[in-house]
Each structure stands twice: as C-alpha cells, then as structure tokens.
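Structure, as structure tokens:
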Amino acid sequence: MNIKKARGLLGLAGAVAGAVGAFSGFRNARAKNDKLMLANAIATIAVAVTGAALAARALRKDDLA
C-alpha cells in the first residue's frame, strides 16, 4: 500500500468518525431544542460529508493513476 492510498483511507476514517460525533451532537441539540447547537451540528455534518467526498475522490484518482 502506498502513502497516498494510506492517507486517503485515514482521511476517510477521520471523516466517518467526525460524522458519528456530529450526528450525536445533532440528536443532543434536537433533544435540548438548542438552535445554536443545532446549527453547529449541521455545519459539522457538512464538513464531515465534504471530507469524506474528498477522501473518496483521492482514493479513486489513486486507483486510476
């Protein structure tokens, strides 16, 4: 396994871990009816999704090259 592929897999794992934490924060914010926490959780979910997409694209490009 080369370095680029390992970096892509670590990035994907980090994005998944971030998404799990963000969904937990989302549920917590909805339970407490806290709009600021809800906005933060939604933004964090967006960051996790973007990170996962970037990592997946990096892995695909590495496979094609």
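Letters for chains follow the order of the structure tokens (A, B, ...), residue numbers begin at 1 for each chain, and ligand numbers begin at 1 in the order shown.
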Neighbour list for segment 13-29 of chain A as a PyMOL selection string, cut-off 7 Å, only C-alpha atoms, skip fewer than 6 positions in-chain: chain A and resi 37-38+41+44-45+48+51-52
Export of the given selection (C-alpha atoms) as a PDB file, in the first residue's frame:
ATOM      1  CA  MET A  37     -26.052  23.680  18.947  1.00  0.00           C
ATOM      2  CA  LEU A  38     -28.238  22.507  16.053  1.00  0.00           C
ATOM      3  CA  ALA A  41     -24.091  20.138  14.364  1.00  0.00           C
ATOM      4  CA  THR A  44     -20.092  19.820  11.349  1.00  0.00           C
ATOM      5  CA  ILE A  45     -22.056  17.227   9.359  1.00  0.00           C
ATOM      6  CA  ALA A  48     -17.652  15.541   7.532  1.00  0.00           C
ATOM      7  CA  GLY A  51     -14.120  15.438   3.915  1.00  0.00           C
ATOM      8  CA  ALA A  52     -15.429  12.001   3.039  1.00  0.00           C
TER       9      ALA A  52
END
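In this model, the gap between atom CA of Leu12 of chain A and atom CA of Ile42 of chain A comes to 18.9 Å.
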